[in-house]
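S.K.: Questions regarding the structure given below will be posed in turn.
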2 protein chains.
Amino acid sequence: MKKAGILGGGQLGRMLLQSAANYPVETFVMENDPFCPAAHLCKHFIVGDIRNYDDVLNFGKDLDVLTIEIESVNLEALEELERLGVKVYPRPEALRIIKNKILQKQFYKAQGIPTSDFIITSGLRDLEAHQSFLPAVHKLALGGYDGKGVELLRKKEDISKGFDELAVLEKMVDIKKEIAVIIAVGENCETVIYPPVDMVFDQRLNLLNYQLSPADLPDKVFWKAEAIALKVVKDLKSPGIFAVELFADLDDNVWVNETAPRVHNSGHHTIEANYSSQFDMLWRIMMQYPLGNTDHILPAAIVNLIGEKGHSGPAVYEGLETVLEMDNVFVHIYGKENTRPGRKMGHITILSNERQELLHKANQIRHTIRVISKD
Amino acid sequence: MKKAGILGGGQLGRMLLQSAANYPVETFVMENDPFCPAAHLCKHFIVGDIRNYDDVLNFGKDLDVLTIEIESVNLEALEELERLGVKVYPRPEALRIIKNKILQKQFYKAQGIPTSDFIITSGLRDLEAHQSFLPAVHKLALGGYDGKGVELLRKKEDISKGFDELAVLEKMVDIKKEIAVIIAVGENCETVIYPPVDMVFDQRLNLLNYQLSPADLPDKVFWKAEAIALKVVKDLKSPGIFAVELFADLDDNVWVNETAPRVHNSGHHTIEANYSSQFDMLWRIMMQYPLGNTDHILPAAIVNLIGEKGHSGPAVYEGLETVLEMDNVFVHIYGKENTRPGRKMGHITILSNERQELLHKANQIRHTIRVISKD
């Protein structure tokens, strides 16, 4: 049986492991927290620091194949593992580009991939010097995740919210729509594309509000989004799952925002809505099986369950039973013991042929369920 | 978080645990074999004998709710656990009726539920005395499973194949069709019914060949099957999932064959084909959530993967890659290290609106994939 490892044990690992149980594979997970969402669903759980060279090397050296569920892993250890003959998907070379937001922007520019203008900043003093570049988005070069490490700087008064370390200042685009395209890349660089999805964001938390699949886009935008996402992924030259987040502006131009080299929140609906889910697909890639079918079975929406503001502690899912009474709705709770404001605690998928029903139920769910703490 | 236990760690436990990861529940499994399919997917795995009173009692006494994935468990311990306030689904009283094939037949008869005539036999000598009752099916009272403990006795020369211990001889029905109906019963005895499925059997192994859902039945037969299955389940007076297997004869009469008080092979397609799968549904029942939606998303077929005759040892799935190339097909391998002739090693689900496509692909899959041993 093939031995496959996952660095990180959050909800992405958890959902990967739910899928892994369909295949003959021996699963390994490494993560610091032995109570993380994925800990008890793998065959072998190893407590260790995914940012530490020795921990990652020791974890990976006897595996056949290794993947990540978060970008902040030790890259040098992954490079060494690849030299030792372990398959690492995404390849460390692609991960090196993506995990640093500056290198990522420079990569898009170098490859001629449309992306907004940007300036590299090493501290607040640099920001002061580029007031005329605002409104812009300030992103930490390293370590941002789930809306953290990102600040919207609309006007010069916002500059103090910026980062006083290495970061990238990205010119704000007049966004009509945010789109995500998930692409799977096989062992021999063959690709399959999932239908693009519309992402609707909560501007305050910079977290996904709900998402619709397939996206409702003019053909021109649809094709541009697919073509650009495909170019990003082809240029990264690595097997794996890639989520390319894009903007469509008011003139129907399409820009790359950023890329994740892994299974991604924007693909969670594929568990129920598509023949091969993004999680199933990554196992197919890691097991060197044929790629799966990305067609949707039914259109879908998803709503994220986010820890309520002002609530920290043991999680309670208020309104869950009301949601479970809905006919065409699938609940995914990630099994995190404690909630925190803004923490991703689960998601809910809705399937329907009727776009109006998807929107209506997504809104209904958002106003029905809250993740609060017991205390 | 609720503590929920499963007695038995086979593929049914495995698929239950894949579903459990969608809900906030702490899972426990007990089983003798620490390498069983469910062992690494639960939060707590306990090595123990599910037929042993003390083992079952100790396993269950601190749980909120307990279920089974096989009937051959210690009933007295379950009764004691119920007295101690642990919810046991199915209730021990219902399990007592079902796990003994004689009591099960007597129950149908007592409740006026149509079932074939039967004779209780305590050994081969009894069979000799009832030659005129043949053709009939001889079933061991206790311990039969997956086609074991069942013999077809067509003529008096077959009598030597019968069981020389307590068993039941069931008059053979002129079967036009075998049908299974899965019914979920909630905490307050509310019920929901999955669409009936057609089961097509391999007469030689007495194992499921393929199955289609929903069943293609005349309305009259469809309604009879649903009504009879519902009566069986209502009369058992227990929350849980129940699979009622029925025969339709050449005159469109419907007879109960037998009932399983648990998730069942005839419901595996519900993972992809129905809004709430039988596994999801059992968690809803155990968690005291509202029952799910049994409607199908698309019609489905399933093919079981059975260990090839003449092959025992480490399992190899010959032809798996060819099946994985098919567009609307879902593979479930149960992760059993060794194959044996007739052993259930996995199943494959096909979704399609076209019945012809379901049949065609089911046959194609049956002739493509083989579970053999390495040696």
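Just remember, in the structure tokens the first chain shown is A, the second B, etc., residues are 1-based per chain, and ligands are 1-based in the order shown.
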To test your reading of the structure, identify every residue in stretch 116-231 of chain A that backbone DSSP assigns to helix (DSSP H, G or I), and report it as an mmCIF file with N, CA and C atoms, in the first residue's frame.
M.R.:
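Result written to states06.cif:
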data_model
loop_
_atom_site.group_PDB
_atom_site.id
_atom_site.type_symbol
_atom_site.label_atom_id
_atom_site.label_comp_id
_atom_site.auth_asym_id
_atom_site.auth_seq_id
_atom_site.Cartn_x
_atom_site.Cartn_y
_atom_site.Cartn_z
ATOM 1 N N LEU A 124 6.540 50.570 7.192
ATOM 2 C CA LEU A 124 5.551 51.644 7.103
ATOM 3 C C LEU A 124 6.118 52.873 6.397
ATOM 4 N N ARG A 125 7.426 53.083 6.558
ATOM 5 C CA ARG A 125 8.045 54.251 5.931
ATOM 6 C C ARG A 125 7.875 54.196 4.405
ATOM 7 N N ASP A 126 8.012 52.981 3.843
ATOM 8 C CA ASP A 126 7.799 52.817 2.397
ATOM 9 C C ASP A 126 6.373 53.177 2.003
ATOM 10 N N LEU A 127 5.450 52.796 2.883
ATOM 11 C CA LEU A 127 4.046 53.072 2.571
ATOM 12 C C LEU A 127 3.803 54.573 2.479
ATOM 13 N N GLU A 128 4.396 55.293 3.431
ATOM 14 C CA GLU A 128 4.250 56.752 3.435
ATOM 15 C C GLU A 128 4.675 57.330 2.081
ATOM 16 N N ALA A 129 5.733 56.747 1.537
ATOM 17 C CA ALA A 129 6.294 57.266 0.292
ATOM 18 C C ALA A 129 5.418 56.948 -0.917
ATOM 19 N N GLN A 131 1.871 57.006 -0.976
ATOM 20 C CA GLN A 131 0.480 57.372 -0.722
ATOM 21 C C GLN A 131 -0.342 57.461 -2.000
ATOM 22 N N SER A 132 0.269 57.900 -3.058
ATOM 23 C CA SER A 132 -0.475 58.105 -4.303
ATOM 24 C C SER A 132 -0.901 56.775 -4.933
ATOM 25 N N PHE A 133 -0.307 55.665 -4.428
ATOM 26 C CA PHE A 133 -0.617 54.332 -4.962
ATOM 27 C C PHE A 133 -1.932 53.789 -4.386
ATOM 28 N N LYS A 156 -4.770 57.584 2.966
ATOM 29 C CA LYS A 156 -3.523 57.698 3.714
ATOM 30 C C LYS A 156 -3.719 57.492 5.224
ATOM 31 N N GLU A 157 -4.925 57.776 5.732
ATOM 32 C CA GLU A 157 -5.170 57.552 7.157
ATOM 33 C C GLU A 157 -5.089 56.061 7.520
ATOM 34 N N ASP A 158 -5.224 55.204 6.536
ATOM 35 C CA ASP A 158 -5.181 53.756 6.802
ATOM 36 C C ASP A 158 -3.751 53.219 6.907
ATOM 37 N N ILE A 159 -2.783 54.043 6.522
ATOM 38 C CA ILE A 159 -1.408 53.535 6.402
ATOM 39 C C ILE A 159 -0.911 52.887 7.699
ATOM 40 N N SER A 160 -1.346 53.404 8.828
ATOM 41 C CA SER A 160 -0.888 52.843 10.111
ATOM 42 C C SER A 160 -1.345 51.392 10.300
ATOM 43 N N LYS A 161 -2.380 50.971 9.555
ATOM 44 C CA LYS A 161 -2.835 49.571 9.629
ATOM 45 C C LYS A 161 -1.922 48.632 8.839
ATOM 46 N N ASP A 219 -19.767 34.813 -21.216
ATOM 47 C CA ASP A 219 -18.853 33.835 -21.824
ATOM 48 C C ASP A 219 -17.413 34.342 -21.890
ATOM 49 N N LYS A 220 -17.278 35.612 -22.280
ATOM 50 C CA LYS A 220 -15.957 36.201 -22.484
ATOM 51 C C LYS A 220 -15.140 36.135 -21.179
ATOM 52 N N VAL A 221 -15.810 36.476 -20.086
ATOM 53 C CA VAL A 221 -15.125 36.485 -18.787
ATOM 54 C C VAL A 221 -14.806 35.047 -18.349
ATOM 55 N N PHE A 222 -15.757 34.183 -18.575
ATOM 56 C CA PHE A 222 -15.602 32.773 -18.246
ATOM 57 C C PHE A 222 -14.357 32.194 -18.926
ATOM 58 N N TRP A 223 -14.258 32.440 -20.244
ATOM 59 C CA TRP A 223 -13.135 31.889 -20.999
ATOM 60 C C TRP A 223 -11.811 32.508 -20.576
ATOM 61 N N LYS A 224 -11.841 33.830 -20.334
ATOM 62 C CA LYS A 224 -10.614 34.504 -19.875
ATOM 63 C C LYS A 224 -10.168 33.902 -18.548
ATOM 64 N N ALA A 225 -11.118 33.742 -17.649
ATOM 65 C CA ALA A 225 -10.783 33.224 -16.314
ATOM 66 C C ALA A 225 -10.143 31.841 -16.445
ATOM 67 N N GLU A 226 -10.753 30.985 -17.257
ATOM 68 C CA GLU A 226 -10.206 29.643 -17.436
ATOM 69 C C GLU A 226 -8.817 29.685 -18.083
ATOM 70 N N ALA A 227 -8.682 30.516 -19.107
ATOM 71 C CA ALA A 227 -7.410 30.565 -19.844
ATOM 72 C C ALA A 227 -6.287 31.100 -18.954
ATOM 73 N N ILE A 228 -6.597 32.139 -18.188
ATOM 74 C CA ILE A 228 -5.564 32.734 -17.327
ATOM 75 C C ILE A 228 -5.190 31.759 -16.204
ATOM 76 N N ALA A 229 -6.193 31.160 -15.601
ATOM 77 C CA ALA A 229 -5.918 30.208 -14.515
ATOM 78 C C ALA A 229 -5.061 29.052 -15.036
ATOM 79 N N LEU A 230 -5.387 28.604 -16.229
ATOM 80 C CA LEU A 230 -4.637 27.493 -16.818
ATOM 81 C C LEU A 230 -3.191 27.899 -17.074
ATOM 82 N N LYS A 231 -2.991 29.137 -17.510
ATOM 83 C CA LYS A 231 -1.611 29.593 -17.750
ATOM 84 C C LYS A 231 -0.825 29.644 -16.438
#
S.K.: Over all C-alpha pairs taken in sequence order, what does chain A look like after a least-squares fit onto chain B? Please give it as a short mmCIF file (atom, residue, chain, number, x, y, z; two decimals) with C-alpha atoms, in the first residue's frame.
M.R.:
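Final file, part11.cif:
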data_model
loop_
_atom_site.label_atom_id
_atom_site.label_comp_id
_atom_site.auth_asym_id
_atom_site.auth_seq_id
_atom_site.Cartn_x
_atom_site.Cartn_y
_atom_site.Cartn_z
CA MET A 1 -19.26 16.56 22.38
CA LYS A 2 -21.44 13.43 22.25
CA LYS A 3 -19.64 10.10 22.61
CA ALA A 4 -20.86 7.51 20.10
CA GLY A 5 -19.74 3.90 19.77
CA ILE A 6 -19.82 1.33 17.00
CA LEU A 7 -19.58 -2.40 17.68
CA GLY A 8 -17.60 -3.89 14.81
CA GLY A 9 -14.96 -2.33 12.62
CA GLY A 10 -15.63 -3.52 9.07
CA GLN A 11 -16.52 -1.51 5.99
CA LEU A 12 -19.85 -0.37 7.44
CA GLY A 13 -18.02 1.14 10.38
CA ARG A 14 -15.51 2.66 8.00
CA MET A 15 -18.17 4.40 5.94
CA LEU A 16 -20.01 5.48 9.10
CA LEU A 17 -16.79 7.13 10.27
CA GLN A 18 -16.26 8.89 6.95
CA SER A 19 -19.67 10.49 7.56
CA ALA A 20 -19.13 11.10 11.26
CA ALA A 21 -16.37 13.58 10.41
CA ASN A 22 -19.10 15.98 9.25
CA TYR A 23 -20.53 16.28 12.76
CA PRO A 24 -19.30 17.23 16.23
CA VAL A 25 -19.13 13.70 17.66
CA GLU A 26 -16.43 11.74 19.50
CA THR A 27 -16.26 8.27 17.93
CA PHE A 28 -15.40 4.91 19.53
CA VAL A 29 -15.03 1.52 17.82
CA MET A 30 -14.57 -1.93 19.34
CA GLU A 31 -13.38 -4.89 17.31
CA ASN A 32 -10.95 -7.79 17.78
CA ASP A 33 -8.77 -6.97 14.81
CA PRO A 34 -6.68 -3.80 15.24
CA PHE A 35 -6.11 -3.75 11.46
CA CYS A 36 -9.81 -3.76 10.58
CA PRO A 37 -11.13 -1.21 8.03
CA ALA A 38 -12.52 1.17 10.67
CA ALA A 39 -9.68 1.02 13.20
CA HIS A 40 -7.82 4.19 12.25
CA LEU A 41 -10.82 6.37 11.39
CA CYS A 42 -12.32 6.62 14.86
CA LYS A 43 -11.15 8.81 17.70
CA HIS A 44 -10.81 5.84 20.09
CA PHE A 45 -10.23 2.26 18.98
CA ILE A 46 -10.66 -0.46 21.59
CA VAL A 47 -9.53 -4.03 20.95
CA GLY A 48 -12.24 -6.30 22.28
CA ASP A 49 -14.70 -9.07 21.51
CA ILE A 50 -18.12 -7.76 20.48
CA ARG A 51 -19.61 -11.14 21.51
CA ASN A 52 -18.25 -10.91 25.05
CA TYR A 53 -20.51 -9.52 27.78
CA ASP A 54 -17.80 -7.72 29.78
CA ASP A 55 -16.07 -6.28 26.73
CA VAL A 56 -19.30 -4.80 25.36
CA LEU A 57 -20.41 -3.51 28.75
CA ASN A 58 -17.07 -1.83 29.44
CA PHE A 59 -16.95 -0.37 25.97
CA GLY A 60 -20.43 1.07 26.17
CA LYS A 61 -20.90 2.22 29.72
CA ASP A 62 -19.51 5.75 29.31
CA LEU A 63 -21.00 6.38 25.88
CA ASP A 64 -24.06 8.47 25.06
CA VAL A 65 -25.14 6.28 22.17
CA LEU A 66 -24.13 2.97 20.66
CA THR A 67 -24.79 1.22 17.36
CA ILE A 68 -23.74 -2.00 15.61
CA GLU A 69 -22.40 -2.83 12.21
CA ILE A 70 -23.00 -6.57 12.54
CA GLU A 71 -25.74 -8.52 14.32
CA SER A 72 -23.53 -11.01 16.14
CA VAL A 73 -22.94 -8.89 19.24
CA ASN A 74 -23.55 -9.60 22.91
CA LEU A 75 -27.22 -8.87 23.41
CA GLU A 76 -27.27 -9.16 27.20
CA ALA A 77 -24.61 -6.46 27.53
CA LEU A 78 -26.63 -4.19 25.22
CA GLU A 79 -29.72 -4.76 27.37
CA GLU A 80 -27.74 -3.85 30.47
CA LEU A 81 -26.36 -0.74 28.77
CA GLU A 82 -29.87 0.34 27.85
CA ARG A 83 -30.89 -0.09 31.50
CA LEU A 84 -27.91 2.09 32.46
CA GLY A 85 -29.25 4.85 30.22
CA VAL A 86 -27.06 4.45 27.16
CA LYS A 87 -29.05 4.83 23.95
CA VAL A 88 -28.65 1.65 21.91
CA TYR A 89 -29.82 1.92 18.28
CA PRO A 90 -31.14 -0.53 17.18
CA ARG A 91 -32.76 -1.31 20.52
CA PRO A 92 -31.68 -4.70 21.94
CA GLU A 93 -35.28 -5.91 21.85
CA ALA A 94 -35.42 -5.39 18.06
CA LEU A 95 -31.97 -6.89 17.61
CA ARG A 96 -33.00 -10.00 19.61
CA ILE A 97 -35.77 -10.65 17.10
CA ILE A 98 -33.64 -10.05 14.06
CA LYS A 99 -30.38 -11.75 14.96
CA ASN A 100 -32.07 -15.14 15.28
CA LYS A 101 -33.49 -16.17 11.90
CA ILE A 102 -36.13 -18.34 13.60
CA LEU A 103 -37.39 -15.54 15.86
CA GLN A 104 -37.36 -13.23 12.86
CA LYS A 105 -39.64 -15.52 10.85
CA GLN A 106 -41.93 -16.04 13.84
CA PHE A 107 -42.11 -12.27 14.30
CA TYR A 108 -43.24 -11.74 10.69
CA LYS A 109 -45.86 -14.44 11.09
CA ALA A 110 -47.12 -13.06 14.41
CA GLN A 111 -47.41 -9.53 12.98
CA GLY A 112 -49.24 -10.69 9.86
CA ILE A 113 -46.36 -9.62 7.62
CA PRO A 114 -46.25 -11.61 4.38
CA THR A 115 -43.29 -13.99 4.39
CA SER A 116 -42.73 -17.44 2.93
CA ASP A 117 -43.74 -20.57 4.89
CA PHE A 118 -41.07 -22.05 7.11
CA ILE A 119 -40.16 -25.01 9.29
CA ILE A 120 -37.78 -24.96 12.22
CA THR A 121 -35.13 -27.68 11.97
CA SER A 122 -32.73 -28.82 14.64
CA GLY A 123 -30.59 -31.02 12.39
CA LEU A 124 -30.28 -32.96 9.15
CA ARG A 125 -32.69 -35.60 10.43
CA ASP A 126 -35.46 -32.96 10.47
CA LEU A 127 -34.64 -32.06 6.91
CA GLU A 128 -35.06 -35.66 5.81
CA ALA A 129 -38.54 -35.60 7.30
CA HIS A 130 -39.49 -32.51 5.28
CA GLN A 131 -38.37 -33.48 1.80
CA SER A 132 -41.74 -32.50 0.39
CA PHE A 133 -41.11 -28.91 1.59
CA LEU A 134 -38.29 -28.47 -0.93
CA PRO A 135 -37.22 -26.42 -2.84
CA ALA A 136 -36.37 -24.28 0.14
CA VAL A 137 -33.66 -22.11 1.65
CA HIS A 138 -31.95 -23.39 4.78
CA LYS A 139 -30.66 -20.67 7.11
CA LEU A 140 -28.69 -21.07 10.31
CA ALA A 141 -30.61 -19.55 13.23
CA LEU A 142 -27.55 -17.69 14.45
CA GLY A 143 -24.34 -16.33 12.94
CA GLY A 144 -25.09 -16.26 9.21
CA TYR A 145 -23.58 -13.30 7.33
CA ASP A 146 -22.85 -12.21 3.77
CA GLY A 147 -24.15 -15.40 2.19
CA LYS A 148 -22.60 -17.65 4.81
CA GLY A 149 -25.02 -19.77 6.86
CA VAL A 150 -27.44 -19.97 3.93
CA GLU A 151 -27.91 -22.97 1.63
CA LEU A 152 -30.30 -23.50 -1.26
CA LEU A 153 -31.84 -26.95 -1.03
CA ARG A 154 -33.57 -27.53 -4.35
CA LYS A 155 -34.07 -31.31 -4.18
CA LYS A 156 -33.58 -34.13 -1.73
CA GLU A 157 -30.02 -34.75 -2.96
CA ASP A 158 -29.13 -31.30 -1.61
CA ILE A 159 -30.17 -32.15 1.95
CA SER A 160 -26.61 -33.08 2.95
CA LYS A 161 -25.63 -29.42 2.30
CA GLY A 162 -28.07 -28.36 5.04
CA PHE A 163 -27.12 -27.42 8.60
CA ASP A 164 -26.98 -30.05 11.33
CA GLU A 165 -27.89 -27.50 14.00
CA LEU A 166 -30.72 -25.11 14.81
CA ALA A 167 -31.90 -23.53 11.58
CA VAL A 168 -34.96 -22.48 9.63
CA LEU A 169 -36.12 -23.98 6.35
CA GLU A 170 -37.87 -21.35 4.25
CA LYS A 171 -40.10 -22.34 1.33
CA MET A 172 -38.66 -21.00 -1.89
CA VAL A 173 -40.66 -18.25 -3.57
CA ASP A 174 -40.87 -17.94 -7.38
CA ILE A 175 -38.90 -14.76 -7.39
CA LYS A 176 -39.39 -12.20 -10.12
CA LYS A 177 -37.33 -9.63 -8.31
CA GLU A 178 -35.47 -8.99 -5.10
CA ILE A 179 -36.00 -5.55 -3.62
CA ALA A 180 -34.48 -3.75 -0.66
CA VAL A 181 -36.07 -0.85 1.18
CA ILE A 182 -34.06 1.16 3.65
CA ILE A 183 -35.99 3.00 6.33
CA ALA A 184 -34.69 5.39 8.94
CA VAL A 185 -36.45 5.60 12.29
CA GLY A 186 -35.83 8.62 14.48
CA GLU A 187 -35.76 9.04 18.22
CA ASN A 188 -39.53 9.58 18.35
CA CYS A 189 -40.30 6.76 15.92
CA GLU A 190 -40.78 9.13 12.96
CA THR A 191 -39.76 7.38 9.73
CA VAL A 192 -38.38 8.27 6.30
CA ILE A 193 -38.06 5.80 3.42
CA TYR A 194 -35.36 5.56 0.78
CA PRO A 195 -36.56 4.67 -2.72
CA PRO A 196 -36.66 0.84 -3.13
CA VAL A 197 -33.73 -0.73 -4.96
CA ASP A 198 -33.53 -3.73 -7.34
CA MET A 199 -31.00 -6.29 -6.23
CA VAL A 200 -29.53 -8.67 -8.77
CA PHE A 201 -27.79 -11.63 -7.17
CA ASP A 202 -25.07 -14.05 -8.06
CA GLN A 203 -26.91 -17.31 -7.32
CA ARG A 204 -23.67 -19.22 -6.90
CA LEU A 205 -22.13 -17.10 -4.14
CA ASN A 206 -25.46 -15.70 -2.91
CA LEU A 207 -23.80 -12.29 -3.09
CA LEU A 208 -25.09 -9.12 -4.63
CA ASN A 209 -24.14 -8.81 -8.28
CA TYR A 210 -25.35 -5.30 -8.89
CA GLN A 211 -28.17 -3.15 -7.68
CA LEU A 212 -30.23 -0.36 -9.20
CA SER A 213 -31.87 2.55 -7.46
CA PRO A 214 -34.66 3.45 -7.68
CA ALA A 215 -36.07 0.01 -8.52
CA ASP A 216 -37.97 -0.36 -11.78
CA LEU A 217 -41.25 -1.74 -10.43
CA PRO A 218 -44.94 -1.59 -11.30
CA ASP A 219 -46.61 0.99 -9.03
CA LYS A 220 -48.55 -1.75 -7.25
CA VAL A 221 -45.37 -3.62 -6.32
CA PHE A 222 -43.59 -0.43 -5.37
CA TRP A 223 -46.34 0.58 -2.95
CA LYS A 224 -46.63 -2.92 -1.49
CA ALA A 225 -42.89 -3.06 -0.93
CA GLU A 226 -42.90 0.30 0.84
CA ALA A 227 -45.97 -0.50 2.93
CA ILE A 228 -44.70 -3.91 4.03
CA ALA A 229 -41.21 -2.63 4.82
CA LEU A 230 -42.73 0.19 6.84
CA LYS A 231 -44.86 -2.26 8.81
CA VAL A 232 -41.81 -4.41 9.60
CA VAL A 233 -39.92 -1.42 10.89
CA LYS A 234 -42.82 0.10 12.84
CA ASP A 235 -43.42 -3.26 14.54
CA LEU A 236 -39.77 -3.49 15.58
CA LYS A 237 -40.28 -0.29 17.61
CA SER A 238 -36.70 0.94 17.55
CA PRO A 239 -34.80 3.95 16.27
CA GLY A 240 -32.07 3.19 13.74
CA ILE A 241 -31.53 2.30 10.11
CA PHE A 242 -33.30 -0.82 8.83
CA ALA A 243 -32.83 -2.59 5.52
CA VAL A 244 -35.84 -4.75 4.63
CA GLU A 245 -35.14 -7.27 1.88
CA LEU A 246 -38.21 -8.38 -0.05
CA PHE A 247 -39.20 -10.67 -2.90
CA ALA A 248 -41.72 -9.84 -5.59
CA ASP A 249 -43.11 -13.08 -7.03
CA LEU A 250 -44.44 -13.79 -10.51
CA ASP A 251 -47.93 -12.72 -9.40
CA ASP A 252 -46.65 -9.39 -8.03
CA ASN A 253 -47.10 -10.48 -4.45
CA VAL A 254 -44.47 -9.08 -2.12
CA TRP A 255 -42.84 -11.13 0.66
CA VAL A 256 -40.34 -10.17 3.32
CA ASN A 257 -37.13 -12.15 3.05
CA GLU A 258 -35.21 -10.69 5.97
CA THR A 259 -34.36 -7.46 7.75
CA ALA A 260 -31.05 -5.97 8.85
CA PRO A 261 -31.18 -3.51 11.77
CA ARG A 262 -28.26 -1.44 10.53
CA VAL A 263 -26.69 0.28 7.57
CA HIS A 264 -26.63 -2.20 4.72
CA ASN A 265 -24.98 -3.06 1.43
CA SER A 266 -28.21 -2.25 -0.39
CA GLY A 267 -27.84 1.37 0.71
CA HIS A 268 -24.26 2.08 -0.29
CA HIS A 269 -25.31 4.04 -3.37
CA THR A 270 -26.94 6.60 -1.06
CA ILE A 271 -23.47 8.03 -0.32
CA GLU A 272 -23.45 9.75 -3.69
CA ALA A 273 -26.97 9.25 -5.01
CA ASN A 274 -29.16 10.62 -2.19
CA TYR A 275 -29.19 13.90 -0.28
CA SER A 276 -28.75 12.17 3.06
CA SER A 277 -26.88 8.86 2.82
CA GLN A 278 -27.76 5.94 5.08
CA PHE A 279 -24.53 6.69 7.00
CA ASP A 280 -25.34 10.38 7.38
CA MET A 281 -28.85 9.40 8.42
CA LEU A 282 -27.68 7.08 11.22
CA TRP A 283 -25.58 9.91 12.67
CA ARG A 284 -28.59 12.19 12.52
CA ILE A 285 -30.54 9.59 14.49
CA MET A 286 -27.76 9.02 17.02
CA MET A 287 -27.14 12.75 17.46
CA GLN A 288 -30.90 13.42 17.83
CA TYR A 289 -30.84 15.72 14.82
CA PRO A 290 -33.75 15.98 12.37
CA LEU A 291 -33.92 13.09 9.89
CA GLY A 292 -32.41 13.78 6.47
CA ASN A 293 -33.82 13.86 2.96
CA THR A 294 -34.00 10.41 1.30
CA ASP A 295 -34.68 11.77 -2.21
CA HIS A 296 -32.21 10.73 -4.83
CA ILE A 297 -30.03 13.29 -6.57
CA LEU A 298 -29.53 10.94 -9.52
CA PRO A 299 -30.43 7.29 -10.14
CA ALA A 300 -27.58 4.90 -9.29
CA ALA A 301 -26.20 1.42 -9.65
CA ILE A 302 -23.64 -0.30 -7.51
CA VAL A 303 -21.32 -3.22 -8.15
CA ASN A 304 -19.69 -5.02 -5.24
CA LEU A 305 -16.00 -5.88 -5.40
CA ILE A 306 -15.72 -9.46 -4.24
CA GLY A 307 -12.52 -11.39 -3.62
CA GLU A 308 -11.81 -13.60 -6.64
CA LYS A 309 -12.13 -17.37 -6.34
CA GLY A 310 -8.77 -19.04 -5.81
CA HIS A 311 -7.12 -15.89 -4.45
CA SER A 312 -6.15 -15.46 -0.81
CA GLY A 313 -3.57 -12.97 0.43
CA PRO A 314 -2.56 -9.31 0.01
CA ALA A 315 -5.18 -7.67 -2.18
CA VAL A 316 -4.53 -6.24 -5.63
CA TYR A 317 -7.27 -4.40 -7.55
CA GLU A 318 -6.69 -5.42 -11.15
CA GLY A 319 -8.40 -3.06 -13.60
CA LEU A 320 -8.96 -0.33 -11.02
CA GLU A 321 -7.39 2.33 -13.22
CA THR A 322 -9.70 1.52 -16.10
CA VAL A 323 -12.69 1.94 -13.81
CA LEU A 324 -11.28 5.23 -12.48
CA GLU A 325 -11.28 6.55 -16.04
CA MET A 326 -15.05 6.22 -16.24
CA ASP A 327 -16.84 9.56 -16.00
CA ASN A 328 -19.58 9.11 -13.46
CA VAL A 329 -18.22 6.35 -11.29
CA PHE A 330 -17.21 6.40 -7.60
CA VAL A 331 -14.76 3.87 -6.17
CA HIS A 332 -14.88 2.66 -2.56
CA ILE A 333 -12.10 0.29 -1.53
CA TYR A 334 -12.52 -0.92 2.04
CA GLY A 335 -8.84 -1.07 2.93
CA LYS A 336 -8.72 -4.77 3.83
CA GLU A 337 -5.18 -5.96 3.58
CA ASN A 338 -6.00 -9.50 2.49
CA THR A 339 -8.49 -10.78 -0.03
CA ARG A 340 -10.30 -14.13 0.24
CA PRO A 341 -12.70 -15.80 -2.18
CA GLY A 342 -16.10 -14.12 -1.81
CA ARG A 343 -14.89 -11.47 0.64
CA LYS A 344 -16.42 -8.01 0.23
CA MET A 345 -13.46 -5.79 -0.65
CA GLY A 346 -15.18 -2.66 -1.94
CA HIS A 347 -17.99 -1.32 -4.08
CA ILE A 348 -18.37 0.97 -7.04
CA THR A 349 -21.24 3.39 -7.54
CA ILE A 350 -22.44 4.69 -10.90
CA LEU A 351 -24.69 7.75 -11.23
CA SER A 352 -26.76 8.47 -14.32
CA ASN A 353 -30.19 9.62 -15.41
CA GLU A 354 -30.10 6.89 -18.06
CA ARG A 355 -31.01 3.43 -16.84
CA GLN A 356 -29.30 1.88 -19.86
CA GLU A 357 -26.07 3.63 -18.97
CA LEU A 358 -26.27 2.34 -15.39
CA LEU A 359 -26.73 -1.24 -16.59
CA HIS A 360 -24.10 -0.95 -19.27
CA LYS A 361 -21.48 0.49 -16.93
CA ALA A 362 -22.34 -1.95 -14.13
CA ASN A 363 -21.65 -4.81 -16.51
CA GLN A 364 -18.55 -3.17 -17.90
CA ILE A 365 -17.19 -2.71 -14.37
CA ARG A 366 -17.98 -6.29 -13.40
CA HIS A 367 -15.88 -7.49 -16.32
CA THR A 368 -13.08 -4.98 -15.82
CA ILE A 369 -12.07 -5.14 -12.18
CA ARG A 370 -10.94 -8.17 -10.18
CA VAL A 371 -9.70 -8.44 -6.63
CA ILE A 372 -6.85 -10.92 -6.68
CA SER A 373 -3.87 -11.63 -4.46
CA LYS A 374 -0.32 -10.62 -5.18
CA ASP A 375 1.06 -14.11 -4.89
#
S.K.: Tell me, which residues of stretch 144-372 of chain B carry DSSP strand (DSSP E or B), written as a PyMOL selection string?
M.R.: chain B and resi 145+148+150-153+167-171+175-185+191-193+197-202+207-213+240-249+254-260+274+296+300-307+313-318+329-333+338-339+344-351+370-372
